[in-house]
There are 2 protein chains.
Amino acid sequence: MSAKGYAIHDSEKWSDFALIDFKLKTAEPYDVDIAITNCGVCASDIHTITNGWGNFPDHPVVPGHEIVGKVTKVGSSVTEFKVGDIVGVGAQVSACFDCKACSNDNEQYCQHGVDTYNSKFPNGDIAQGGYSTAIRTHERFVFPIPDGLEPRLAASSLCAGLTMYSPLVRNAKKGDKVGIVGIGGLGHYGIMFAKALGYETYAFTHSERKIEDIKKLGADHIINTNDPKFGEKHAMELDLIVSTVDVAHGLPLSDLLPVLNIHGRFVSVGLPDHPLDGIQPQAFAGNGSFFGSSHIGSKKEAVAMLQLMADKKISPWIEEMPMSQAKEAVERLKKNDIRYRFVLSNDIEQ
Amino acid sequence: MSAKGYAIHDSEKWSDFALIDFKLKTAEPYDVDIAITNCGVCASDIHTITNGWGNFPDHPVVPGHEIVGKVTKVGSSVTEFKVGDIVGVGAQVSACFDCKACSNDNEQYCQHGVDTYNSKFPNGDIAQGGYSTAIRTHERFVFPIPDGLEPRLAASSLCAGLTMYSPLVRNAKKGDKVGIVGIGGLGHYGIMFAKALGYETYAFTHSERKIEDIKKLGADHIINTNDPKFGEKHAMELDLIVSTVDVAHGLPLSDLLPVLNIHGRFVSVGLPDHPLDGIQPQAFAGNGSFFGSSHIGSKKEAVAMLQLMADKKISPWIEEMPMSQAKEAVERLKKNDIRYRFVLSNDIEQ
């Protein structure tokens, strides 16, 4: 079966989308076919199509991994879904289903995971993303969208939201003091989720113009990083920081670590194109802090996150746009001209 | 009261010890006076006297922070010790006694901590170390040496041992798979402690000549880092790595991280003179791993470690030498010519 999607052929012409026909993966018994209604526009899409991560593939790329839609067909072994269900797909579409990671709700760390686009299945089938009419994937990587959550509002949570939700629930508990660095597509989810999870929520910003937004998003405290004494004022205060910014060339890690409590953790979900500046292990010794990263989230976490959004009426701040205007969406996102996420609605003629 | 000690006056002449008289800190009610019998020689001593950390002070330095001796006097408020007790002092001699860190057995992370030497007390008194006849310090930083552990064998554990023991007990539990990188003064304690704590113990080495030692120290597995495929062979296997080496210019961090299990931790207790090479946050995303450091250990941990050594008959591999030969000890340690720790015995005439 084939689908239609907006593809980039060349990273030099990274916003010149062309509508192509492409083949969905070979159908297997656990596969679910989904007619896509919406797809969020993620910074990963930009990194990929501009070749910022250096892995632009040898085939046209249909980006998009914040997908919602309606089930149109299920394989013979599918148990969780039926035709007509409203579902989502995030940044992963396959795994080995067998390793330690797959067996303990860490399938996002499976070493044989397949990304939603710019990736290949073990049999060589090309995985294409959600700026398109349809996707086919194993039910393990399909998430039910709960009643009470509009699909168009769920879309961008499936990468941006989950990328924040997973480190928040894995590294903090109710009552902890948790900081979010970088108030954008990911960070605005971070503030809303941290607050909804019962954390005392701090937002770091150097941008005066974001302060009103941060308050509306519900942060308890705002740390202005233009204040050269912010580190001293908040020394050893936070249990966890989740950062979406470039800790190499933006706000440097060495300024942020002293704000962590003893053995506090700094999780960088921002994956910059550049290496960290030359930080010394000593920078971590004063409070025994840790630096790490995190990779999206598990299905179990996606389901819990979507339910939290439905229960607490959490709505991302999105700007909707027809899929045919993907060029404008990626160009504006690259200029950071969006508060805080584009969601494309499907206008491709079948 | 004054004491005598071997001091370095100039980091350019970093092994030219001269015997000096120096004043002990002003006596306070919680202070314990100790006649020093032994002092270990720590790599920190070398970093300090060679000015490798760039903080050689404006006064002569008597190094040494792995001190054992006999109590000669106690202040009026001391409750834990009496004259004649055999005790130890490690790398810290004071703190604020009041902050969150001091209140929850994390006094080593107190922001007002005073190091054993190359440091000053709040009143301006100079702290001098254990290559000397005596030390005076608050009982909080005095550790009882248990029966069944020879004081000369306890000495080097008070920095080297504790620096390994604390991250081992804070970041792993019985049955976990734990790696030690760098088999030297710290690392040889790491192997023995990891094993004694019931961890499945891995030693990383690139040195064929250390393999026999590693077996004698009790490691369950040896990972030869000369094998370019060691990362693949042991992918996602270990829960914790404690490293004593220069992860900037020695065995690089990016080669070691893939050996960690999901959310595994890499604790660098080696504090190299150089920054880390330009590692990207991406290097941590594949397994959601963490990098951090650690600062010595708490008194509670020191007491537990010394008891473990007594109970399990853990003996560090030491070479004893009279304190008058401190020059030879630091010169040989700088060349890494010791398996695995020098312990000086006091031969200063009172």
# chains A, B, ... in the order shown; residues from 1 in each chain; ligands from 1

$ residues_around --residues "Ser289 (chain B)" --least-positions-apart "6" --cutoff "7 Å" --atoms "only C-alpha atoms" --output "number ranges by chain"
A: 292-293; B: 260, 262-265

$ closest_atom_pairs --of "chain B" --to "chain A" --cutoff "10 Å" --atoms "only C-alpha atoms" --output "tab-separated table"
residue	atom	partner	partner_atom	distance
B:Lys100	CA	A:Ile262	CA	9.6
B:Ala101	CA	A:Ile262	CA	7.8
B:Asn106	CA	A:Ile262	CA	8.1
B:Gln108	CA	A:Gly286	CA	8.8
B:Tyr109	CA	A:Asn287	CA	5.8
B:Cys110	CA	A:Gly286	CA	8.6
B:Gln111	CA	A:Gly286	CA	7.9
B:Pro167	CA	A:Gly288	CA	9.2
B:Arg170	CA	A:His263	CA	9.6
B:Ala235	CA	A:Gln111	CA	9.4
B:Met236	CA	A:Gln111	CA	9.4
B:Asp246	CA	A:Pro281	CA	9.3
B:Val247	CA	A:Pro281	CA	8.6
B:Ala248	CA	A:Gln280	CA	8.2
B:Asn261	CA	A:Ala101	CA	9.2
B:Ile262	CA	A:Tyr109	CA	7.3
B:His263	CA	A:Gly292	CA	8.5
B:Gly264	CA	A:Gly292	CA	9.8
B:Arg265	CA	A:Phe290	CA	8.3
B:Phe266	CA	A:Phe290	CA	8.8
B:Val267	CA	A:Phe290	CA	8.4
B:Ser268	CA	A:Pro281	CA	6.6
B:Val269	CA	A:Pro281	CA	7.9
B:Gly270	CA	A:Pro281	CA	7.7
B:Leu271	CA	A:Gln282	CA	5.9
B:Pro272	CA	A:Pro281	CA	7.5
B:Asp273	CA	A:Gln280	CA	8.2
B:His274	CA	A:Gln280	CA	6.8
B:Pro275	CA	A:Gln280	CA	4.3
B:Leu276	CA	A:Gly278	CA	5.4
B:Asp277	CA	A:Gly278	CA	6.1
B:Gly278	CA	A:Pro275	CA	4.9
B:Ile279	CA	A:Pro275	CA	5.2
B:Gln280	CA	A:Pro275	CA	4.3
B:Pro281	CA	A:Leu271	CA	6.0
B:Gln282	CA	A:Leu271	CA	5.9
B:Ala283	CA	A:Ser293	CA	8.1
B:Phe284	CA	A:Ser293	CA	5.1
B:Ala285	CA	A:Ser294	CA	4.9
B:Gly286	CA	A:Tyr109	CA	6.2
B:Asn287	CA	A:Tyr109	CA	5.8
B:Gly288	CA	A:Ser294	CA	4.5
B:Ser289	CA	A:Gly292	CA	5.6
B:Phe290	CA	A:Gly292	CA	4.2
B:Phe291	CA	A:Phe291	CA	5.1
B:Gly292	CA	A:Phe290	CA	4.2
B:Ser293	CA	A:Ala285	CA	4.9
B:Ser294	CA	A:Gly288	CA	4.5
B:His295	CA	A:Ala285	CA	5.4
B:Ile296	CA	A:Ala285	CA	9.2

$ residues_around --residues "Ala91 (chain B)" --least-positions-apart "6" --cutoff "12 Å" --atoms "only C-alpha atoms" --output "MDAnalysis selection string"
chainID B and resid 39:42 44:45 63:67 107:108 113:119 127:130 137 141:143 155:163 295:299 302

$ write_last_selection --atoms "N, CA and C atoms" --output "compact mmCIF listing (two decimals), in the first residue's frame"
# COMPACT_ATOMS: atom_id res chain seq x y z
N CYS B 39 50.61 8.67 57.96
CA CYS B 39 49.83 9.48 57.01
C CYS B 39 50.03 8.92 55.61
N GLY B 40 48.93 8.67 54.90
CA GLY B 40 49.01 8.21 53.51
C GLY B 40 49.43 9.35 52.59
N VAL B 41 49.94 8.98 51.42
CA VAL B 41 50.35 9.96 50.41
C VAL B 41 49.36 9.87 49.26
N CYS B 42 48.64 10.97 49.05
CA CYS B 42 47.49 10.98 48.12
C CYS B 42 47.86 11.75 46.86
N SER B 44 46.17 13.90 45.55
CA SER B 44 45.82 15.30 45.82
C SER B 44 47.02 16.06 46.35
N ASP B 45 47.86 15.38 47.14
CA ASP B 45 49.06 16.04 47.66
C ASP B 45 49.92 16.52 46.50
N PRO B 63 51.39 18.91 53.45
CA PRO B 63 50.30 18.11 52.90
C PRO B 63 49.94 16.92 53.80
N GLY B 64 49.00 16.13 53.31
CA GLY B 64 48.64 14.90 54.01
C GLY B 64 47.24 14.94 54.58
N HIS B 65 46.36 14.06 54.06
CA HIS B 65 45.00 14.01 54.62
C HIS B 65 44.50 12.58 54.72
N GLU B 66 45.44 11.70 55.05
CA GLU B 66 45.06 10.30 55.34
C GLU B 66 45.78 9.95 56.64
N ILE B 67 45.23 10.47 57.72
CA ILE B 67 45.95 10.59 58.98
C ILE B 67 45.42 9.60 60.01
N GLU B 107 28.00 16.23 55.05
CA GLU B 107 28.85 17.35 55.45
C GLU B 107 30.00 17.58 54.47
N GLN B 108 30.34 16.55 53.68
CA GLN B 108 31.42 16.75 52.69
C GLN B 108 30.98 17.71 51.58
N GLY B 113 32.84 24.04 54.01
CA GLY B 113 33.80 23.03 54.46
C GLY B 113 35.23 23.57 54.45
N VAL B 114 36.05 23.03 55.36
CA VAL B 114 37.48 23.39 55.40
C VAL B 114 38.28 22.12 55.10
N ASP B 115 39.14 22.22 54.09
CA ASP B 115 39.99 21.08 53.74
C ASP B 115 41.07 20.90 54.81
N THR B 116 41.62 19.70 54.86
CA THR B 116 42.58 19.35 55.91
C THR B 116 43.87 20.16 55.79
N TYR B 117 44.25 20.50 54.56
CA TYR B 117 45.44 21.38 54.39
C TYR B 117 45.20 22.26 53.17
N ASN B 118 46.09 23.25 53.00
CA ASN B 118 45.91 24.24 51.94
C ASN B 118 44.54 24.89 52.05
N SER B 119 44.22 25.31 53.26
CA SER B 119 42.89 25.83 53.54
C SER B 119 42.99 26.69 54.81
N ALA B 127 45.07 25.70 58.08
CA ALA B 127 44.94 24.24 58.26
C ALA B 127 46.16 23.58 57.61
N GLN B 128 46.89 22.79 58.38
CA GLN B 128 48.03 22.04 57.85
C GLN B 128 47.78 20.54 58.01
N GLY B 129 48.43 19.76 57.13
CA GLY B 129 48.10 18.34 57.03
C GLY B 129 48.96 17.41 57.85
N GLY B 130 48.96 16.17 57.44
CA GLY B 130 49.41 15.07 58.29
C GLY B 130 50.85 14.60 58.10
N THR B 137 41.39 18.88 65.48
CA THR B 137 40.17 19.10 64.69
C THR B 137 38.91 18.73 65.47
N PHE B 141 34.93 15.40 62.55
CA PHE B 141 35.81 14.98 61.46
C PHE B 141 36.91 14.02 61.94
N VAL B 142 36.65 13.43 63.10
CA VAL B 142 37.56 12.40 63.64
C VAL B 142 36.82 11.07 63.57
N PHE B 143 37.48 10.06 63.03
CA PHE B 143 36.83 8.75 62.85
C PHE B 143 37.47 7.73 63.78
N ALA B 155 45.09 4.07 57.38
CA ALA B 155 45.45 5.44 56.98
C ALA B 155 44.98 5.81 55.58
N SER B 156 45.44 5.04 54.59
CA SER B 156 45.18 5.47 53.21
C SER B 156 43.71 5.34 52.82
N SER B 157 42.93 4.62 53.60
CA SER B 157 41.49 4.52 53.29
C SER B 157 40.77 5.85 53.55
N LEU B 158 41.39 6.74 54.33
CA LEU B 158 40.62 7.89 54.83
C LEU B 158 40.39 8.97 53.77
N CYS B 159 41.19 8.93 52.69
CA CYS B 159 40.80 9.70 51.49
C CYS B 159 40.57 8.72 50.34
N ALA B 160 41.60 7.97 49.95
CA ALA B 160 41.48 7.08 48.78
C ALA B 160 40.31 6.11 48.93
N GLY B 161 40.23 5.46 50.07
CA GLY B 161 39.18 4.47 50.27
C GLY B 161 37.80 5.11 50.31
N LEU B 162 37.68 6.16 51.10
CA LEU B 162 36.37 6.80 51.27
C LEU B 162 35.86 7.41 49.96
N THR B 163 36.79 7.93 49.16
CA THR B 163 36.43 8.52 47.86
C THR B 163 35.80 7.47 46.94
N HIS B 295 32.49 13.87 46.02
CA HIS B 295 33.51 14.49 46.87
C HIS B 295 33.66 13.68 48.15
N ILE B 296 34.80 13.04 48.33
CA ILE B 296 35.14 12.16 49.46
C ILE B 296 33.90 11.40 49.96
N GLY B 297 33.62 11.45 51.27
CA GLY B 297 32.46 10.75 51.80
C GLY B 297 32.12 11.36 53.14
N SER B 298 31.00 10.93 53.70
CA SER B 298 30.57 11.49 54.98
C SER B 298 31.24 10.72 56.13
N LYS B 299 31.15 11.27 57.33
CA LYS B 299 31.66 10.54 58.50
C LYS B 299 30.91 9.22 58.67
N ALA B 302 32.45 6.90 56.42
CA ALA B 302 33.82 6.54 56.85
C ALA B 302 33.76 5.48 57.95

$ select_by_dssp --residues "region 100-193 of chain B" --states "helix (DSSP H, G or I)" --output "ChimeraX atom specification"
/B:100-103,107-109,139-141,151-158,160-171,185-193

$ atom_distance --atom1 "CA of Gly218 (chain A)" --atom2 "CA of Ile191 (chain A)"
6.8 Å

$ atom_distance --atom1 "CA of Ser132 (chain A)" --atom2 "CA of Ile36 (chain A)"
6.9 Å

$ residues_around --residues "Lys120 (chain A)" --least-positions-apart "6" --cutoff "12 Å" --atoms "only C-alpha atoms" --output "MDAnalysis selection string"
chainID A and resid 24:26 57:59 61 92:95 112:114 126:129
